[in-house]
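Have a look at data-v4.tsv below; it lists TSV, C-alpha atoms and all ligand atoms.
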chain	number	residue	atom	x	y	z
K	1	MET	CA	97.31	97.02	111.66
K	2	GLN	CA	94.81	96.31	108.89
K	3	VAL	CA	94.07	99.35	106.75
K	4	ASP	CA	91.28	99.11	104.18
K	5	LEU	CA	92.82	101.03	101.29
K	6	SER	CA	89.65	100.58	99.22
K	7	VAL	CA	87.69	102.88	101.57
K	8	LYS	CA	88.57	106.47	100.67
K	9	PRO	CA	86.95	109.13	102.85
K	10	GLU	CA	86.63	112.59	101.37
K	11	VAL	CA	88.89	114.98	103.30
K	12	THR	CA	88.35	118.75	103.18
K	13	SER	CA	91.04	120.73	104.96
K	14	PHE	CA	91.03	124.21	106.46
K	15	PHE	CA	94.32	126.01	107.03
K	16	ASP	CA	94.61	128.55	109.87
K	17	PRO	CA	97.40	130.99	108.92
K	18	ALA	CA	97.58	132.48	112.44
K	19	THR	CA	98.80	129.17	113.95
K	20	ASN	CA	99.76	127.11	110.86
K	21	THR	CA	97.19	124.52	111.95
K	22	ILE	CA	95.23	122.39	109.52
K	23	SER	CA	91.74	121.22	110.52
K	24	HIS	CA	90.18	118.38	108.56
K	25	VAL	CA	86.58	117.45	107.83
K	26	VAL	CA	86.45	113.73	107.03
K	27	LYS	CA	83.35	112.47	105.22
K	28	ASP	CA	82.30	108.83	105.18
K	29	PRO	CA	82.15	107.82	101.48
K	30	ASP	CA	79.05	105.70	102.16
K	31	SER	CA	76.88	108.10	104.17
K	32	ASP	CA	76.45	111.75	105.10
K	33	ALA	CA	78.37	111.32	108.36
K	34	CYS	CA	81.57	113.24	109.01
K	35	ALA	CA	84.20	113.97	111.65
K	36	VAL	CA	86.20	117.10	112.40
K	37	VAL	CA	89.86	116.55	113.30
K	38	ASP	CA	91.63	119.33	115.27
K	39	SER	CA	89.56	122.48	115.02
K	40	VAL	CA	90.82	125.98	115.88
K	41	MET	CA	89.32	128.80	117.96
K	42	ASP	CA	90.76	132.23	117.09
K	43	ILE	CA	92.39	134.26	119.85
K	44	ASP	CA	93.87	137.74	119.83
K	45	TYR	CA	96.02	137.06	122.88
K	46	ALA	CA	97.21	140.65	123.26
K	47	ALA	CA	93.59	141.79	123.50
K	48	GLY	CA	92.25	138.73	125.32
K	49	ARG	CA	89.64	138.41	122.59
K	50	ILE	CA	88.21	135.17	121.24
K	51	THR	CA	86.42	134.79	117.90
K	52	TYR	CA	85.27	131.88	115.80
K	53	ASP	CA	85.88	132.69	112.13
K	54	HIS	CA	87.85	129.48	111.47
K	55	ALA	CA	85.28	127.28	113.24
K	56	ASP	CA	82.39	129.09	111.52
K	57	GLU	CA	83.94	128.24	108.16
K	58	ILE	CA	83.94	124.55	109.11
K	59	ILE	CA	80.38	124.71	110.44
K	60	ALA	CA	79.23	126.43	107.22
K	61	HIS	CA	80.95	123.74	105.12
K	62	ILE	CA	79.27	120.91	107.06
K	63	ARG	CA	75.85	122.61	106.87
K	64	ALA	CA	76.18	123.42	103.17
K	65	ARG	CA	76.97	119.77	102.41
K	66	GLY	CA	74.10	118.60	104.64
K	67	LEU	CA	76.46	116.40	106.68
K	68	MET	CA	75.92	114.92	110.14
K	69	LEU	CA	78.78	115.47	112.56
K	70	ASP	CA	79.53	112.25	114.47
K	71	TRP	CA	82.92	113.02	116.03
K	72	LEU	CA	85.20	115.89	117.01
K	73	ILE	CA	88.64	114.33	117.27
K	74	GLU	CA	91.53	115.97	119.11
K	75	THR	CA	94.77	114.24	118.12
K	76	HIS	CA	96.31	115.66	121.34
K	77	VAL	CA	96.31	118.62	123.74
K	78	HIS	CA	97.66	121.30	121.41
K	79	ALA	CA	100.10	123.85	122.78
K	80	ASP	CA	99.97	126.28	119.88
K	81	HIS	CA	96.28	126.84	119.21
K	82	LEU	CA	92.98	126.67	121.05
K	83	SER	CA	90.44	123.99	120.13
K	84	ALA	CA	86.97	125.02	118.97
K	85	ALA	CA	85.50	121.54	119.53
K	86	PRO	CA	82.85	122.60	122.09
K	87	TYR	CA	81.79	125.57	119.93
K	88	ILE	CA	81.30	123.31	116.90
K	89	GLN	CA	79.62	120.67	119.08
K	90	ARG	CA	77.08	123.22	120.32
K	91	ALA	CA	76.27	124.08	116.70
K	92	LEU	CA	76.25	120.61	115.14
K	93	GLY	CA	76.38	117.91	117.84
K	94	GLY	CA	78.91	115.08	117.76
K	95	ARG	CA	81.17	113.64	120.44
K	96	ILE	CA	84.57	114.97	121.47
K	97	GLY	CA	87.29	112.32	121.74
K	98	ILE	CA	90.95	112.36	122.81
K	99	GLY	CA	93.56	109.85	124.02
K	100	ARG	CA	93.17	108.25	127.46
K	101	ASN	CA	96.45	109.79	128.63
K	102	ILE	CA	94.78	113.20	128.68
K	103	THR	CA	94.59	112.49	132.42
K	104	LEU	CA	98.41	112.69	132.64
K	105	VAL	CA	98.38	115.97	130.74
K	106	GLN	CA	95.62	117.32	133.00
K	107	ASP	CA	97.56	116.31	136.07
K	108	THR	CA	100.78	118.00	134.87
K	109	PHE	CA	99.17	121.25	133.76
K	110	GLY	CA	96.58	121.28	136.54
K	111	LYS	CA	99.59	121.65	138.84
K	112	ILE	CA	101.42	124.19	136.66
K	113	PHE	CA	98.30	126.40	136.49
K	114	ASN	CA	97.42	125.70	140.15
K	115	GLU	CA	93.88	124.71	139.24
K	116	GLY	CA	91.47	124.07	142.08
K	117	THR	CA	89.53	120.91	142.76
K	118	GLU	CA	86.79	122.01	140.35
K	119	PHE	CA	89.21	121.11	137.55
K	120	GLN	CA	88.75	117.37	137.16
K	121	ARG	CA	91.85	115.44	136.11
K	122	ASP	CA	89.89	112.37	134.98
K	123	GLY	CA	89.22	113.33	131.35
K	124	SER	CA	85.50	113.75	132.11
K	125	GLN	CA	85.38	116.96	130.03
K	126	PHE	CA	85.61	114.72	126.94
K	127	ASP	CA	82.91	112.38	125.63
K	128	ARG	CA	85.34	109.55	124.82
K	129	LEU	CA	88.84	108.64	125.92
K	130	PHE	CA	90.51	106.41	123.33
K	131	GLU	CA	92.80	103.54	124.27
K	132	ASP	CA	95.43	102.21	121.87
K	133	GLY	CA	93.66	100.18	119.17
K	134	ASP	CA	90.15	101.39	119.98
K	135	SER	CA	87.74	101.40	117.09
K	136	TYR	CA	84.76	103.64	116.39
K	137	ARG	CA	82.67	104.65	113.40
K	138	VAL	CA	81.95	107.81	111.43
K	139	GLY	CA	78.67	106.71	109.84
K	140	ARG	CA	79.74	103.40	108.26
K	141	LEU	CA	83.41	104.35	108.07
K	142	ALA	CA	85.50	102.15	110.37
K	143	CYS	CA	88.06	104.19	112.32
K	144	ARG	CA	90.82	103.23	114.70
K	145	ALA	CA	92.89	105.19	117.22
K	146	ILE	CA	96.59	104.32	117.61
K	147	HIS	CA	98.50	105.63	120.63
K	148	THR	CA	101.48	107.61	119.28
K	149	PRO	CA	103.06	109.38	122.29
K	150	GLY	CA	106.33	111.30	122.28
K	151	HIS	CA	105.26	114.82	121.32
K	152	THR	CA	102.82	114.57	124.25
K	153	PRO	CA	101.70	111.53	126.31
K	154	ALA	CA	98.12	111.66	124.96
K	155	CYS	CA	98.90	111.84	121.22
K	156	MET	CA	96.87	109.50	119.01
K	157	THR	CA	96.92	108.86	115.28
K	158	HIS	CA	93.46	108.24	113.84
K	159	VAL	CA	93.11	105.88	110.88
K	160	MET	CA	89.90	106.35	108.87
K	161	GLY	CA	89.73	104.17	105.74
K	162	ASP	CA	92.89	104.83	103.71
K	163	ALA	CA	93.58	108.10	105.55
K	164	ALA	CA	95.51	108.62	108.79
K	165	PHE	CA	95.49	111.82	110.83
K	166	VAL	CA	98.83	111.96	112.58
K	167	GLY	CA	98.47	115.09	114.70
K	168	ASP	CA	102.00	116.26	115.51
K	169	THR	CA	103.61	112.82	115.32
K	170	LEU	CA	104.98	113.69	111.88
K	171	PHE	CA	105.34	116.77	109.72
K	172	MET	CA	105.58	116.75	105.92
K	173	PRO	CA	108.73	114.93	104.71
K	174	ASP	CA	110.67	118.21	104.39
K	175	GLY	CA	109.44	119.36	107.84
K	176	GLY	CA	110.54	116.29	109.81
K	177	SER	CA	108.87	115.87	113.17
K	178	ALA	CA	107.37	117.90	116.02
K	179	ARG	CA	109.24	118.81	119.20
K	180	ALA	CA	109.37	116.31	122.04
K	181	ASP	CA	110.39	118.61	124.90
K	182	PHE	CA	107.04	119.56	126.43
K	183	PRO	CA	106.30	118.07	129.87
K	184	GLY	CA	105.61	114.38	129.25
K	185	GLY	CA	107.28	114.46	125.83
K	186	ASP	CA	110.04	111.99	124.89
K	187	ALA	CA	112.11	111.81	121.71
K	188	GLY	CA	112.65	108.03	121.92
K	189	GLN	CA	108.91	107.46	122.33
K	190	LEU	CA	108.30	109.77	119.38
K	191	TRP	CA	110.60	107.65	117.20
K	192	ASP	CA	108.77	104.49	118.26
K	193	SER	CA	105.41	106.11	117.52
K	194	ILE	CA	106.58	107.28	114.09
K	195	GLN	CA	107.63	103.69	113.32
K	196	LYS	CA	104.05	102.57	114.16
K	197	VAL	CA	102.67	105.07	111.64
K	198	LEU	CA	105.26	104.12	109.03
K	199	ALA	CA	104.27	100.45	109.45
K	200	LEU	CA	100.94	101.27	107.80
K	201	PRO	CA	100.75	100.42	104.06
K	202	ASP	CA	102.82	102.73	101.82
K	203	GLU	CA	99.72	104.04	100.01
K	204	THR	CA	98.05	105.21	103.26
K	205	ARG	CA	97.30	108.91	102.94
K	206	LEU	CA	98.72	110.94	105.84
K	207	PHE	CA	97.21	114.25	106.92
K	208	MET	CA	99.24	116.68	109.03
K	209	CYS	CA	98.02	118.97	111.82
K	210	HIS	CA	100.70	121.59	111.05
K	211	ASP	CA	102.83	122.84	108.22
K	212	TYR	CA	105.20	125.78	108.24
K	213	GLY	CA	106.18	125.77	104.54
K	214	PRO	CA	109.90	125.08	105.04
K	215	ASN	CA	112.32	126.79	102.62
K	216	GLY	CA	109.59	129.03	101.30
K	217	ARG	CA	107.45	126.32	99.69
K	218	ASP	CA	103.64	126.57	99.66
K	219	ILE	CA	101.74	125.15	102.63
K	220	ARG	CA	100.94	121.42	102.23
K	221	TRP	CA	99.38	118.89	104.57
K	222	GLU	CA	98.90	115.64	102.68
K	223	THR	CA	101.49	112.96	101.97
K	224	THR	CA	101.73	109.16	102.16
K	225	VAL	CA	103.46	106.63	104.36
K	226	GLY	CA	105.72	105.71	101.42
K	227	GLU	CA	106.78	109.34	100.92
K	228	GLU	CA	107.53	109.78	104.63
K	229	ARG	CA	109.50	106.54	104.79
K	230	ALA	CA	111.61	107.51	101.80
K	231	HIS	CA	112.10	111.22	102.37
K	232	ASN	CA	111.34	112.43	105.91
K	233	ILE	CA	114.38	114.51	106.85
K	234	HIS	CA	114.33	113.38	110.49
K	235	ILE	CA	113.60	109.70	109.84
K	236	ALA	CA	114.76	108.34	106.48
K	237	GLY	CA	118.14	106.62	106.79
K	238	LYS	CA	118.44	107.48	110.49
K	239	THR	CA	118.73	105.26	113.55
K	240	ARG	CA	116.69	105.72	116.71
K	241	GLU	CA	119.79	107.10	118.47
K	242	GLU	CA	120.49	109.57	115.66
K	243	PHE	CA	116.89	110.75	115.77
K	244	ILE	CA	116.98	111.26	119.55
K	245	ALA	CA	120.21	113.27	119.26
K	246	LEU	CA	118.88	115.39	116.40
K	247	ARG	CA	115.49	115.98	118.07
K	248	THR	CA	117.01	116.84	121.45
K	249	ALA	CA	119.53	119.27	119.94
K	250	ARG	CA	116.85	121.00	117.89
K	251	ASP	CA	114.37	121.21	120.79
K	252	ALA	CA	116.98	122.99	122.90
K	253	THR	CA	116.89	125.87	120.39
K	254	LEU	CA	113.09	126.28	120.26
K	255	ALA	CA	111.21	129.03	122.10
K	256	MET	CA	107.85	128.25	123.72
K	257	PRO	CA	104.95	128.49	121.24
K	258	ARG	CA	103.33	131.95	121.33
K	259	LEU	CA	99.96	130.59	122.46
K	260	ILE	CA	101.07	127.79	124.80
K	261	ILE	CA	99.72	129.47	127.96
K	262	PRO	CA	96.15	130.09	126.77
K	263	SER	CA	96.12	126.89	124.66
K	264	LEU	CA	96.87	124.51	127.50
K	265	GLN	CA	94.35	126.05	129.89
K	266	VAL	CA	91.61	125.73	127.28
K	267	ASN	CA	92.57	122.47	125.59
K	268	MET	CA	93.01	120.50	128.83
K	269	ARG	CA	89.32	121.41	129.39
K	270	ALA	CA	88.38	119.93	125.99
K	271	GLY	CA	88.28	123.44	124.49
K	272	GLU	CA	86.18	125.16	127.16
K	273	LEU	CA	87.38	128.38	128.74
K	274	PRO	CA	88.04	128.30	132.49
K	275	PRO	CA	84.88	128.92	134.53
K	276	PRO	CA	83.99	132.54	135.43
K	277	ASP	CA	85.30	133.89	138.73
K	278	ASP	CA	83.05	135.64	141.28
K	279	SER	CA	82.88	138.71	139.03
K	280	GLY	CA	81.21	136.55	136.40
K	281	LYS	CA	84.15	137.09	134.02
K	282	ARG	CA	86.53	134.51	132.62
K	283	PHE	CA	90.29	134.80	132.95
K	284	LEU	CA	93.38	132.95	131.75
K	285	LYS	CA	96.40	132.74	134.04
K	286	VAL	CA	100.05	133.36	133.24
K	287	PRO	CA	102.23	131.26	135.58
K	288	ILE	CA	105.53	133.02	136.22
K	289	ASP	CA	108.49	130.71	135.60
K	290	GLY	CA	106.01	127.81	135.49
K	291	LEU	CA	106.90	126.39	132.09
L	301	FE	FE	101.03	119.80	119.15

Is it possible to express this structure as structure tokens?
Amino acid sequence: MQVDLSVKPEVTSFFDPATNTISHVVKDPDSDACAVVDSVMDIDYAAGRITYDHADEIIAHIRARGLMLDWLIETHVHADHLSAAPYIQRALGGRIGIGRNITLVQDTFGKIFNEGTEFQRDGSQFDRLFEDGDSYRVGRLACRAIHTPGHTPACMTHVMGDAAFVGDTLFMPDGGSARADFPGGDAGQLWDSIQKVLALPDETRLFMCHDYGPNGRDIRWETTVGEERAHNIHIAGKTREEFIALRTARDATLAMPRLIIPSLQVNMRAGELPPPDDSGKRFLKVPIDGL
């Protein structure tokens, strides 16, 4: 894929310590347009309480800079945090986009949560469903979506100028890769997707969706293709078979993410809460032995 390394969008990142998620505001260098990649809505799950401090910080940043929000990009249906895309969209406009295979994710989790027919499994909650190789613009900034499944079937990496937003396809070099054991995940597919990202030019800046500060180091979220190729602990010097074995063994030891149950119900609806029941209140379900 062609990457224009001379076009360098300004990336401002917001770390959410509750979920170790990094949200990015990407500004077109040639206009006041911007995009938000992977926003976070705050939830106190024990109390069933939702707040918007993290999203408000992003909204305040965009307003203070006088930027226009063109896109709200979801790299995938997150299982560890809730998206705030609709909340930010109501404040600032913009279109919400995700990978076309969201329909597979909606089908799987629509069944697991026994959603009724009012829950559409056609991706219509989103403004745009990206196919592999689709292009779009943030102001004048040319952007492209690359299908990078494996962690989930709908994962996309978004290339914007010299920057690529990899979602959970990769972690920082000392963090390796994300799990591939959720429904629809596949370690072999994840390897193939990582190779697609690592085929970008070495100087391409890579921005992570998560970092857990392995071995006590400070939280970081930016690296390059060259750094990942040379040093990623799950990839560098490994074969596809070795990666699959390593990933599968590690996934077998991982507990479910703390917020997977609320996250999926919200994120498969593009970040909206389930509709109110006949009491007028909104509820999240907990399927017993469903995951
Ligand atoms: Fe994820």

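Closest approach to Asp251 of chain K among K:Met156, K:Ala60, K:Ala47, K:Ala187 is made by K:Ala187 (distances from only C-alpha atoms).
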
Residues within 9 Å of ligand FE 301 (chain L) (all atoms listed in the file), as a ChimeraX atom specification? /K:75-81,151-152,155,167-169,178-179,209-210

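Between Phe165 of chain K and the residues K:Asp53, K:Glu115, K:Asp202, K:Glu222, the shortest atom-to-atom distance, using only C-alpha atoms, involves K:Glu222.
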
Selection: 12 Å around Lys27 of chain K, all atoms listed in the file, excl. self and same-chain fewer than 2 positions, as a ChimeraX atom specification: /K:7-13,24-25,29-37,61-62,65-71,137-143,160-161,163

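Relative to atom CA of His234 of chain K, atom CA of Thr204 of chain K is found at 19.6 Å.
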
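What separates atom CA of Gly48 of chain K from atom CA of Gly110 of chain K is a distance of 21.2 Å.
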
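Shortest atom-to-atom contact with Gly133 of chain K among K:Ile146, K:Ile58, K:Val159, K:Val26: K:Ile146, counting only C-alpha atoms.
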
Near Phe243 of chain K, within 8 Å and counting all atoms listed in the file, which residues show up once chain neighbours fewer than 2 positions away are dropped, as a list in words? Ala187, Gly188, Trp191, His234, Ile235, Lys238, Thr239, Arg240, Glu241, Ala245, Leu246 and Arg247 of chain K

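Those DNA, RNA and protein residues that approach the point (86.0, 130.0, 114.3) to within 7 Å, considering all atoms listed in the file, are Val40, Met41, Asp42, Thr51, Tyr52, Asp53, His54, Ala55, Asp56, Glu57 and Ala84 of chain K.
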
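When atom CA of Asp181 of chain K is paired with atom CA of Met256 of chain K, their separation reads 10.0 Å.
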
Pick from K:Ala64, K:Val266, K:Leu206, K:Leu104, whichever lies nearest to Pro153 of chain K using all atoms listed in the file: K:Leu104

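Closest approach to Pro275 of chain K among K:Glu203, K:Gly116, K:Phe14, K:Arg217 is made by K:Gly116 (distances from only C-alpha atoms).
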
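Nearest to Gln189 of chain K of all the residues K:Thr148, K:Asp278, K:Ile261, K:Asp107 is K:Thr148, based on only C-alpha atoms.
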
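Residues lying at most 6 Å from (101.0, 119.3, 105.7) in file coordinates, with only C-alpha atoms considered, are Met172, Met208, His210, Asp211, Arg220, Trp221 and Glu222 of chain K.
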
Output the selection as a compact mmCIF listing (two decimals), keeping the file's coordinate frame - C-alpha atoms for each residue.
# COMPACT_ATOMS: atom_id res chain seq x y z
CA MET K 172 105.58 116.75 105.92
CA MET K 208 99.24 116.68 109.03
CA HIS K 210 100.70 121.59 111.05
CA ASP K 211 102.83 122.84 108.22
CA ARG K 220 100.94 121.42 102.23
CA TRP K 221 99.38 118.89 104.57
CA GLU K 222 98.90 115.64 102.68

I'd like the neighbourhood of Glu74 of chain K as a list in words, where a residue qualifies if any of its atoms comes within 10 Å (using only C-alpha atoms), though same-chain residues fewer than 5 positions away should be ignored. Val36, Val37, Asp38, Ser39, Ser83, Ala85, Ile96, Gly97, Ile98, Gly99, Phe126, Ala154, Cys155, Met156, Thr157, His158, Gly167, Asn267, Ala270 and Gly271 of chain K

Same residues, C-alpha atoms, output as a compact mmCIF listing (two decimals), in the coordinates of the input:
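Here's the written file again_17.txt:
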# COMPACT_ATOMS: atom_id res chain seq x y z
CA VAL K 36 86.20 117.10 112.40
CA VAL K 37 89.86 116.55 113.30
CA ASP K 38 91.63 119.33 115.27
CA SER K 39 89.56 122.48 115.02
CA SER K 83 90.44 123.99 120.13
CA ALA K 85 85.50 121.54 119.53
CA ILE K 96 84.57 114.97 121.47
CA GLY K 97 87.29 112.32 121.74
CA ILE K 98 90.95 112.36 122.81
CA GLY K 99 93.56 109.85 124.02
CA PHE K 126 85.61 114.72 126.94
CA ALA K 154 98.12 111.66 124.96
CA CYS K 155 98.90 111.84 121.22
CA MET K 156 96.87 109.50 119.01
CA THR K 157 96.92 108.86 115.28
CA HIS K 158 93.46 108.24 113.84
CA GLY K 167 98.47 115.09 114.70
CA ASN K 267 92.57 122.47 125.59
CA ALA K 270 88.38 119.93 125.99
CA GLY K 271 88.28 123.44 124.49
